[in-house]
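This is target_16.pdb. It holds PDB, C-alpha atoms, pLDDT in the B column.
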ATOM      1  CA  GLY K   1     153.192 114.384 105.301  1.00 81.00           C
ATOM      2  CA  PRO K   2     151.645 113.086 102.096  1.00 83.00           C
ATOM      3  CA  THR K   3     152.432 114.880  98.854  1.00 81.00           C
ATOM      4  CA  VAL K   4     151.123 114.468  95.331  1.00 79.00           C
ATOM      5  CA  ASP K   5     152.413 115.628  91.963  1.00 78.00           C
ATOM      6  CA  ARG K   6     150.315 117.737  89.564  1.00 78.00           C
ATOM      7  CA  GLU K   7     149.124 114.820  87.395  1.00 75.00           C
ATOM      8  CA  GLY K   8     148.218 112.782  90.476  1.00 73.00           C
ATOM      9  CA  PHE K   9     146.227 115.702  91.871  1.00 75.00           C
ATOM     10  CA  GLU K  10     144.306 116.088  88.602  1.00 75.00           C
ATOM     11  CA  LEU K  11     143.533 112.345  88.463  1.00 73.00           C
ATOM     12  CA  SER K  12     142.273 112.382  92.035  1.00 72.00           C
ATOM     13  CA  TRP K  13     140.372 115.661  91.694  1.00 72.00           C
ATOM     14  CA  ASN K  14     138.574 114.451  88.558  1.00 72.00           C
ATOM     15  CA  TRP K  15     137.254 111.444  90.478  1.00 68.00           C
ATOM     16  CA  TRP K  16     136.120 113.444  93.541  1.00 69.00           C
ATOM     17  CA  VAL K  17     134.227 116.014  91.462  1.00 73.00           C
ATOM     18  CA  GLY K  18     132.746 113.474  89.028  1.00 72.00           C
ATOM     19  CA  ALA K  19     134.464 114.876  85.935  1.00 75.00           C
ATOM     20  CA  PRO K  20     133.717 113.191  82.588  1.00 75.00           C
ATOM     21  CA  GLY K  21     136.108 110.378  81.729  1.00 67.00           C
ATOM     22  CA  ARG K  22     137.082 109.750  85.318  1.00 66.00           C
ATOM     23  CA  GLY K  23     137.783 106.217  86.490  1.00 64.00           C
ATOM     24  CA  THR K  24     135.391 104.165  88.582  1.00 63.00           C
ATOM     25  CA  GLU K  25     137.649 104.498  91.635  1.00 64.00           C
ATOM     26  CA  PRO K  26     139.920 107.272  92.908  1.00 65.00           C
ATOM     27  CA  ASN K  27     143.573 107.051  91.983  1.00 63.00           C
ATOM     28  CA  ALA K  28     146.068 108.337  94.495  1.00 64.00           C
ATOM     29  CA  ARG K  29     149.706 109.039  93.837  1.00 74.00           C
ATOM     30  CA  SER K  30     150.290 110.601  97.212  1.00 81.00           C
ATOM     31  CA  TYR K  31     153.280 109.332  99.171  1.00 83.00           C
ATOM     32  CA  THR K  32     154.485 110.182 102.661  1.00 86.00           C
ATOM     33  CA  ARG K  33     157.553 112.378 102.694  1.00 86.00           C
ATOM     34  CA  ARG K  34     159.773 113.692 105.438  1.00 86.00           C
ATOM     35  CA  TRP K  35     161.432 117.086 105.350  1.00 89.00           C
ATOM     36  CA  ILE K  36     164.425 117.843 107.548  1.00 91.00           C
ATOM     37  CA  ILE K  37     165.187 121.547 107.734  1.00 93.00           C
ATOM     38  CA  ASP K  38     168.649 122.686 108.791  1.00 94.00           C
ATOM     39  CA  LEU K  39     168.132 126.285 109.904  1.00 94.00           C
ATOM     40  CA  GLU K  40     171.862 126.915 110.363  1.00 95.00           C
ATOM     41  CA  ARG K  41     172.779 125.900 106.794  1.00 94.00           C
ATOM     42  CA  GLY K  42     169.517 127.126 105.260  1.00 94.00           C
ATOM     43  CA  HIS K  43     169.002 123.730 103.679  1.00 94.00           C
ATOM     44  CA  ALA K  44     166.116 121.271 103.522  1.00 93.00           C
ATOM     45  CA  ASP K  45     166.315 117.549 102.771  1.00 93.00           C
ATOM     46  CA  GLU K  46     163.280 115.693 101.432  1.00 90.00           C
ATOM     47  CA  GLN K  47     162.732 111.951 101.159  1.00 90.00           C
ATOM     48  CA  ILE K  48     159.851 109.564 100.500  1.00 87.00           C
ATOM     49  CA  ILE K  49     159.599 107.394 103.613  1.00 86.00           C
ATOM     50  CA  ASP K  50     156.967 104.898 102.442  1.00 87.00           C
ATOM     51  CA  ASP K  51     155.830 103.450  99.106  1.00 86.00           C
ATOM     52  CA  LEU K  52     152.214 103.093 100.231  1.00 88.00           C
ATOM     53  CA  ALA K  53     149.832 105.590  98.568  1.00 87.00           C
ATOM     54  CA  VAL K  54     148.129 107.495 101.406  1.00 89.00           C
ATOM     55  CA  GLU K  55     146.175 110.653 102.102  1.00 86.00           C
ATOM     56  CA  PHE K  56     144.317 112.505 104.867  1.00 87.00           C
ATOM     57  CA  PRO K  57     146.661 111.875 107.814  1.00 90.00           C
ATOM     58  CA  THR K  58     145.320 112.258 111.337  1.00 92.00           C
ATOM     59  CA  LEU K  59     146.585 111.847 114.880  1.00 94.00           C
ATOM     60  CA  ASN K  60     145.395 111.992 118.447  1.00 95.00           C
ATOM     61  CA  GLU K  61     144.497 115.700 118.595  1.00 92.00           C
ATOM     62  CA  ASP K  62     145.732 115.913 122.197  1.00 93.00           C
ATOM     63  CA  TYR K  63     149.193 115.828 120.517  1.00 94.00           C
ATOM     64  CA  LEU K  64     148.435 118.399 117.826  1.00 90.00           C
ATOM     65  CA  GLY K  65     151.373 120.810 117.677  1.00 90.00           C
ATOM     66  CA  PHE K  66     153.495 118.557 119.894  1.00 92.00           C
ATOM     67  CA  GLU K  67     155.814 115.645 119.264  1.00 92.00           C
ATOM     68  CA  HIS K  68     153.700 112.562 118.563  1.00 94.00           C
ATOM     69  CA  ARG K  69     154.521 108.932 117.936  1.00 96.00           C
ATOM     70  CA  TYR K  70     151.489 107.675 115.980  1.00 97.00           C
ATOM     71  CA  GLN K  71     149.927 108.879 112.772  1.00 95.00           C
ATOM     72  CA  TYR K  72     146.998 107.390 110.858  1.00 95.00           C
ATOM     73  CA  ALA K  73     146.029 107.776 107.193  1.00 94.00           C
ATOM     74  CA  ILE K  74     143.817 106.349 104.435  1.00 91.00           C
ATOM     75  CA  THR K  75     145.476 103.959 101.992  1.00 90.00           C
ATOM     76  CA  PHE K  76     144.565 103.853  98.307  1.00 83.00           C
ATOM     77  CA  PRO K  77     145.624 101.739  95.369  1.00 79.00           C
ATOM     78  CA  ASP K  78     148.367 103.583  93.495  1.00 70.00           C
ATOM     79  CA  GLN K  79     148.382 104.275  89.751  1.00 68.00           C
ATOM     80  CA  ASP K  80     149.562 100.683  89.117  1.00 69.00           C
ATOM     81  CA  GLY K  81     146.877  99.126  91.345  1.00 68.00           C
ATOM     82  CA  ASN K  82     149.323  98.299  94.159  1.00 69.00           C
ATOM     83  CA  GLY K  83     148.241  98.657  97.773  1.00 74.00           C
ATOM     84  CA  GLY K  84     144.543  98.844  98.488  1.00 84.00           C
ATOM     85  CA  TYR K  85     141.881 100.616 100.486  1.00 89.00           C
ATOM     86  CA  GLY K  86     142.299 100.738 104.225  1.00 93.00           C
ATOM     87  CA  ILE K  87     143.632 102.604 107.230  1.00 95.00           C
ATOM     88  CA  VAL K  88     147.334 102.640 108.088  1.00 95.00           C
ATOM     89  CA  LYS K  89     148.960 103.317 111.452  1.00 97.00           C
ATOM     90  CA  TYR K  90     152.528 104.601 111.429  1.00 95.00           C
ATOM     91  CA  ASP K  91     154.790 104.315 114.450  1.00 96.00           C
ATOM     92  CA  ARG K  92     157.178 107.232 114.020  1.00 91.00           C
ATOM     93  CA  ALA K  93     159.524 105.893 116.726  1.00 94.00           C
ATOM     94  CA  THR K  94     160.148 102.497 115.125  1.00 95.00           C
ATOM     95  CA  GLY K  95     159.219 103.199 111.489  1.00 90.00           C
ATOM     96  CA  ALA K  96     156.715 100.323 111.563  1.00 94.00           C
ATOM     97  CA  ARG K  97     153.327 100.439 109.878  1.00 93.00           C
ATOM     98  CA  ARG K  98     150.163  98.380 110.325  1.00 95.00           C
ATOM     99  CA  VAL K  99     147.389  98.318 107.741  1.00 94.00           C
ATOM    100  CA  HIS K 100     143.742  97.448 108.293  1.00 95.00           C
ATOM    101  CA  GLN K 101     142.429  96.578 104.823  1.00 93.00           C
ATOM    102  CA  SER K 102     138.844  97.657 104.203  1.00 91.00           C
ATOM    103  CA  GLY K 103     138.390  95.525 101.071  1.00 88.00           C
ATOM    104  CA  ASP K 104     138.033  95.838  97.321  1.00 87.00           C
ATOM    105  CA  ALA K 105     136.368  99.119  96.286  1.00 85.00           C
ATOM    106  CA  ARG K 106     135.618  99.972  99.947  1.00 90.00           C
ATOM    107  CA  LEU K 107     136.885 103.506 100.362  1.00 88.00           C
ATOM    108  CA  PRO K 108     137.349 104.797 103.922  1.00 91.00           C
ATOM    109  CA  SER K 109     136.856 108.438 104.812  1.00 90.00           C
ATOM    110  CA  GLU K 110     139.433 110.272 106.894  1.00 91.00           C
ATOM    111  CA  ALA K 111     139.826 108.363 110.164  1.00 92.00           C
ATOM    112  CA  VAL K 112     139.081 110.367 113.294  1.00 92.00           C
ATOM    113  CA  PHE K 113     140.848 109.514 116.555  1.00 94.00           C
ATOM    114  CA  VAL K 114     138.660 109.388 119.675  1.00 93.00           C
ATOM    115  CA  PRO K 115     140.578 109.079 122.963  1.00 94.00           C
ATOM    116  CA  ALA K 116     139.508 106.335 125.335  1.00 95.00           C
ATOM    117  CA  GLU K 117     138.200 107.381 128.728  1.00 93.00           C
ATOM    118  CA  ASN K 118     141.114 107.635 131.190  1.00 94.00           C
ATOM    119  CA  ALA K 119     143.659 107.104 128.385  1.00 94.00           C
ATOM    120  CA  THR K 120     147.275 106.868 129.515  1.00 95.00           C
ATOM    121  CA  ASN K 121     149.045 106.217 126.180  1.00 97.00           C
ATOM    122  CA  GLU K 122     148.950 108.263 122.989  1.00 97.00           C
ATOM    123  CA  ASP K 123     147.180 105.500 121.056  1.00 97.00           C
ATOM    124  CA  ASP K 124     144.637 104.590 123.774  1.00 97.00           C
ATOM    125  CA  GLY K 125     141.457 105.174 121.840  1.00 97.00           C
ATOM    126  CA  TYR K 126     139.476 104.450 118.725  1.00 97.00           C
ATOM    127  CA  LEU K 127     139.528 105.311 115.044  1.00 96.00           C
ATOM    128  CA  LEU K 128     136.176 106.072 113.414  1.00 94.00           C
ATOM    129  CA  THR K 129     135.742 106.024 109.651  1.00 93.00           C
ATOM    130  CA  VAL K 130     132.838 105.676 107.253  1.00 92.00           C
ATOM    131  CA  ILE K 131     133.521 103.039 104.611  1.00 93.00           C
ATOM    132  CA  SER K 132     131.854 103.754 101.276  1.00 90.00           C
ATOM    133  CA  ASP K 133     131.363 100.623  99.160  1.00 89.00           C
ATOM    134  CA  LEU K 134     131.854 101.868  95.599  1.00 82.00           C
ATOM    135  CA  LYS K 135     130.323  98.726  94.027  1.00 85.00           C
ATOM    136  CA  GLN K 136     127.438  97.855  96.376  1.00 88.00           C
ATOM    137  CA  ASP K 137     126.246 101.439  96.901  1.00 85.00           C
ATOM    138  CA  SER K 138     126.303 101.003 100.690  1.00 91.00           C
ATOM    139  CA  SER K 139     128.205 102.326 103.702  1.00 93.00           C
ATOM    140  CA  ARG K 140     129.191 101.318 107.200  1.00 95.00           C
ATOM    141  CA  LEU K 141     130.773 102.974 110.191  1.00 94.00           C
ATOM    142  CA  LEU K 142     133.968 101.157 111.124  1.00 95.00           C
ATOM    143  CA  VAL K 143     135.401 101.386 114.653  1.00 97.00           C
ATOM    144  CA  LEU K 144     139.008 100.280 115.156  1.00 97.00           C
ATOM    145  CA  ASP K 145     141.015  99.941 118.348  1.00 98.00           C
ATOM    146  CA  ALA K 146     143.747 102.525 117.673  1.00 97.00           C
ATOM    147  CA  SER K 147     146.258 100.651 119.829  1.00 96.00           C
ATOM    148  CA  GLY K 148     146.010  97.055 118.600  1.00 93.00           C
ATOM    149  CA  PHE K 149     144.365  98.018 115.293  1.00 94.00           C
ATOM    150  CA  ASP K 150     141.666  95.373 115.658  1.00 95.00           C
ATOM    151  CA  GLN K 151     138.114  95.941 114.443  1.00 96.00           C
ATOM    152  CA  ILE K 152     135.760  96.615 117.353  1.00 97.00           C
ATOM    153  CA  ALA K 153     132.546  97.236 115.431  1.00 97.00           C
ATOM    154  CA  ALA K 154     131.092  97.745 111.975  1.00 95.00           C
ATOM    155  CA  VAL K 155     127.699  99.411 111.829  1.00 95.00           C
ATOM    156  CA  HIS K 156     125.687  99.112 108.612  1.00 95.00           C
ATOM    157  CA  LEU K 157     124.269 102.509 107.689  1.00 92.00           C
ATOM    158  CA  PRO K 158     120.761 102.710 106.211  1.00 88.00           C
ATOM    159  CA  ARG K 159     122.023 104.769 103.239  1.00 86.00           C
ATOM    160  CA  ARG K 160     125.220 105.095 101.302  1.00 85.00           C
ATOM    161  CA  VAL K 161     127.324 107.951 102.572  1.00 83.00           C
ATOM    162  CA  THR K 162     129.281 109.501  99.743  1.00 76.00           C
ATOM    163  CA  ALA K 163     132.998 108.930 100.097  1.00 68.00           C
ATOM    164  CA  GLY K 164     134.260 111.852 102.105  1.00 66.00           C
ATOM    165  CA  ILE K 165     137.544 113.506 102.736  1.00 64.00           C
ATOM    166  CA  HIS K 166     137.542 115.210 106.111  1.00 67.00           C
ATOM    167  CA  GLY K 167     135.495 114.303 109.142  1.00 63.00           C
ATOM    168  CA  SER K 168     134.831 115.681 112.571  1.00 66.00           C
ATOM    169  CA  TRP K 169     133.157 114.162 115.568  1.00 65.00           C
ATOM    170  CA  ILE K 170     132.239 115.998 118.737  1.00 68.00           C
ATOM    171  CA  PRO K 171     131.120 114.608 122.091  1.00 69.00           C
ATOM    172  CA  ASP K 172     127.448 115.004 123.038  1.00 75.00           C
ATOM    173  CA  THR K 173     128.591 117.229 125.902  1.00 78.00           C
ATOM    174  CA  ASP K 174     129.925 119.778 123.383  1.00 72.00           C
ATOM    175  CA  ALA K 175     126.815 119.801 121.168  1.00 65.00           C
TER     176      ALA K 175
END

Exercise: express the given structure as structure tokens:
Amino acid sequence: GPTVDREGFELSWNWWVGAPGRGTEPNARSYTRRWIIDLERGHADEQIIDDLAVEFPTLNEDYLGFEHRYQYAITFPDQDGNGGYGIVKYDRATGARRVHQSGDARLPSEAVFVPAENATNEDDGYLLTVISDLKQDSSRLLVLDASGFDQIAAVHLPRRVTAGIHGSWIPDTDA
């Protein structure tokens, strides 16, 4: 899971709440770590497993609480400006990652996984995220194929949606 140190949290929090002196874009110093807990020895090992600054991980919720292969997250530029805005897909079995860049100053909200009808694989579905353009004061709904990570659609929204953290989508049948 992603972790952030105290200074990184304060930098990020100041941007989200609009504190005076904040930067024009959020700064994330959140890196994915893995913890391995040895219950017999009472010991835990911790390691950073990726140098990409990420936050707000999600997965196919049908696998919530169970072993899963794929995880998705938002990517940010780090404190040195490395990386960029986008969505990343991690393959926990192979260690591979794929990044869909959203562009300069185009901040995605937490990606929500929507399973495809009659899905047979864990990543058969779609990722939905609202992209907030921090320079153009506009937004769009981005739909990605969660399997191949290709863009399926981008829908211009009539108003800018403020960059958000968490998102939820429910089917019409549950409304």

Inset, instruction - Find the residue from K:Glu122, K:Thr173, K:Val99, K:Trp13 that sits nearest to Glu67 (chain K); use all atoms listed in the file when measuring. - result: K:Glu122

Legend entry - Of the listed residues K:Leu107, K:Leu128, K:Ile36, K:Ala146, that which approaches Thr162 (chain K) most closely, counting all atoms listed in the file: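 The closest residue to Thr162 (chain K) is K:Leu107.
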
Inset, instruction - Mind checking which residues fall within 7 Å of Val130 (chain K), counting all atoms listed in the file, ignoring those fewer than 5 positions away in the same chain, and posting them as number ranges by chain? - result: K: 108-109, 139-142

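In this structure, CA of Arg98 (chain K) sits 17.6 Å away from CA of Arg33 (chain K).
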
Inset, instruction - Can you work out which one of K:Ala154, K:Ile131, K:Val4, K:Val143 has the shortest atom-to-atom distance to Ile48 (chain K), counting all atoms listed in the file? - result: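 Looking only at the distances to Ile48 (chain K), the closest residue turns out to be K:Val4.
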
Give one line per residue of region 83-132 of chain K that approaches region 54-57 of chain K to at most 9 Å, naming the two atoms of the closest pair and their distance in Å to one decimal, counting all atoms listed in the file; sort by chain then ascending residue number and deliver it as CSV.
residue,atom,partner,partner_atom,distance
K:Ile87,CA,K:Val54,CA,8.8
K:Val88,CA,K:Val54,CA,8.3
K:Ser109,CA,K:Phe56,CA,8.5
K:Glu110,CA,K:Phe56,CA,5.7
K:Ala111,CA,K:Pro57,CA,8.0

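Comparing the minimum interatomic distances between Ile74 (chain K) and each of K:Ile49, K:Leu127, K:Leu11, K:Val155, counting all atoms listed in the file, we find that K:Leu127 sits nearest.
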
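For the set K:Asp145, K:Asp137, K:Asp91, K:Asp78, the residue with the smallest atom-to-atom gap to Ser12 (chain K) is K:Asp78, counting all atoms listed in the file.
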
Legend entry - Between CA of Pro2 (chain K) and CA of Thr58 (chain K) - distance in Å to one decimal: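 Distance reported for this atom pair: 11.2 Å.
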
Legend entry - Nearest to Tyr126 (chain K) by atom-to-atom distance, counting only C-alpha atoms, from K:Ala96, K:Ala153, K:Ala53, K:Leu144: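 Once distances to Tyr126 (chain K) are computed over only C-alpha atoms, the minimum belongs to K:Leu144.
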
Inset, instruction - To one decimal in Å, tell me the separation between CA of Asp51 (chain K) and CA of Arg29 (chain K). - result: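 Atom-to-atom, CA of Asp51 (chain K) and CA of Arg29 (chain K) are spaced 9.8 Å apart.
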
Legend entry - Long-range neighbours of Gly84 (chain K) as number ranges by chain, 9 Å cut-off, only C-alpha atoms, 3 positions minimum in chain: K: 52-53, 75-78, 81, 101-105

Inset, instruction - Let me know the residues the PyMOL selection byres ((chain K and resi 114-117) around 9) catches in the file above, as an NGL selection string. - result: :K and (60-62 or 112-113 or 118-120 or 122-128 or 146 or 169)

If you keep N, CA, C and O atoms, can you output region 150-165 of chain K as an mmCIF file, in the first residue's frame?
data_model
loop_
_atom_site.group_PDB
_atom_site.id
_atom_site.type_symbol
_atom_site.label_atom_id
_atom_site.label_comp_id
_atom_site.auth_asym_id
_atom_site.auth_seq_id
_atom_site.Cartn_x
_atom_site.Cartn_y
_atom_site.Cartn_z
ATOM 1 N N ASP K 150 -6.224 0.534 -22.543
ATOM 2 C CA ASP K 150 -6.460 1.496 -23.613
ATOM 3 C C ASP K 150 -7.616 2.409 -23.234
ATOM 4 O O ASP K 150 -8.522 2.002 -22.497
ATOM 5 N N GLN K 151 -7.601 3.626 -23.766
ATOM 6 C CA GLN K 151 -8.705 4.557 -23.549
ATOM 7 C C GLN K 151 -9.881 4.131 -24.408
ATOM 8 O O GLN K 151 -9.749 3.918 -25.604
ATOM 9 N N ILE K 152 -11.057 4.014 -23.787
ATOM 10 C CA ILE K 152 -12.274 3.663 -24.512
ATOM 11 C C ILE K 152 -13.069 4.919 -24.831
ATOM 12 O O ILE K 152 -13.602 5.061 -25.916
ATOM 13 N N ALA K 153 -13.137 5.836 -23.864
ATOM 14 C CA ALA K 153 -13.913 7.058 -24.074
ATOM 15 C C ALA K 153 -13.398 8.161 -23.163
ATOM 16 O O ALA K 153 -12.825 7.908 -22.111
ATOM 17 N N ALA K 154 -13.619 9.384 -23.602
ATOM 18 C CA ALA K 154 -13.381 10.574 -22.781
ATOM 19 C C ALA K 154 -14.578 11.480 -23.013
ATOM 20 O O ALA K 154 -14.854 11.862 -24.146
ATOM 21 N N VAL K 155 -15.286 11.784 -21.950
ATOM 22 C CA VAL K 155 -16.512 12.567 -22.048
ATOM 23 C C VAL K 155 -16.262 13.937 -21.420
ATOM 24 O O VAL K 155 -15.981 14.034 -20.216
ATOM 25 N N HIS K 156 -16.354 14.986 -22.230
ATOM 26 C CA HIS K 156 -16.198 16.345 -21.706
ATOM 27 C C HIS K 156 -17.382 16.649 -20.787
ATOM 28 O O HIS K 156 -18.537 16.422 -21.142
ATOM 29 N N LEU K 157 -17.082 17.150 -19.606
ATOM 30 C CA LEU K 157 -18.136 17.501 -18.655
ATOM 31 C C LEU K 157 -18.438 18.990 -18.777
ATOM 32 O O LEU K 157 -17.531 19.796 -19.028
ATOM 33 N N PRO K 158 -19.697 19.385 -18.606
ATOM 34 C CA PRO K 158 -20.062 20.788 -18.822
ATOM 35 C C PRO K 158 -19.478 21.744 -17.781
ATOM 36 O O PRO K 158 -19.470 22.947 -17.999
ATOM 37 N N ARG K 159 -18.984 21.229 -16.672
ATOM 38 C CA ARG K 159 -18.375 22.054 -15.626
ATOM 39 C C ARG K 159 -17.124 21.358 -15.122
ATOM 40 O O ARG K 159 -17.012 20.136 -15.198
ATOM 41 N N ARG K 160 -16.252 22.139 -14.524
ATOM 42 C CA ARG K 160 -15.090 21.545 -13.884
ATOM 43 C C ARG K 160 -15.535 20.870 -12.596
ATOM 44 O O ARG K 160 -16.264 21.428 -11.801
ATOM 45 N N VAL K 161 -15.101 19.636 -12.446
ATOM 46 C CA VAL K 161 -15.334 18.896 -11.216
ATOM 47 C C VAL K 161 -14.042 19.031 -10.411
ATOM 48 O O VAL K 161 -12.974 18.698 -10.903
ATOM 49 N N THR K 162 -14.170 19.517 -9.201
ATOM 50 C CA THR K 162 -12.998 19.688 -8.361
ATOM 51 C C THR K 162 -12.278 18.361 -8.209
ATOM 52 O O THR K 162 -12.915 17.318 -8.061
ATOM 53 N N ALA K 163 -10.960 18.414 -8.250
ATOM 54 C CA ALA K 163 -10.174 17.193 -8.092
ATOM 55 C C ALA K 163 -10.615 16.489 -6.823
ATOM 56 O O ALA K 163 -10.700 17.091 -5.763
ATOM 57 N N GLY K 164 -10.935 15.233 -6.951
ATOM 58 C CA GLY K 164 -11.463 14.482 -5.824
ATOM 59 C C GLY K 164 -10.562 13.345 -5.417
ATOM 60 O O GLY K 164 -9.649 12.959 -6.146
ATOM 61 N N ILE K 165 -10.825 12.839 -4.257
ATOM 62 C CA ILE K 165 -10.003 11.754 -3.738
ATOM 63 C C ILE K 165 -10.710 10.428 -3.972
ATOM 64 O O ILE K 165 -10.303 9.640 -4.789
#
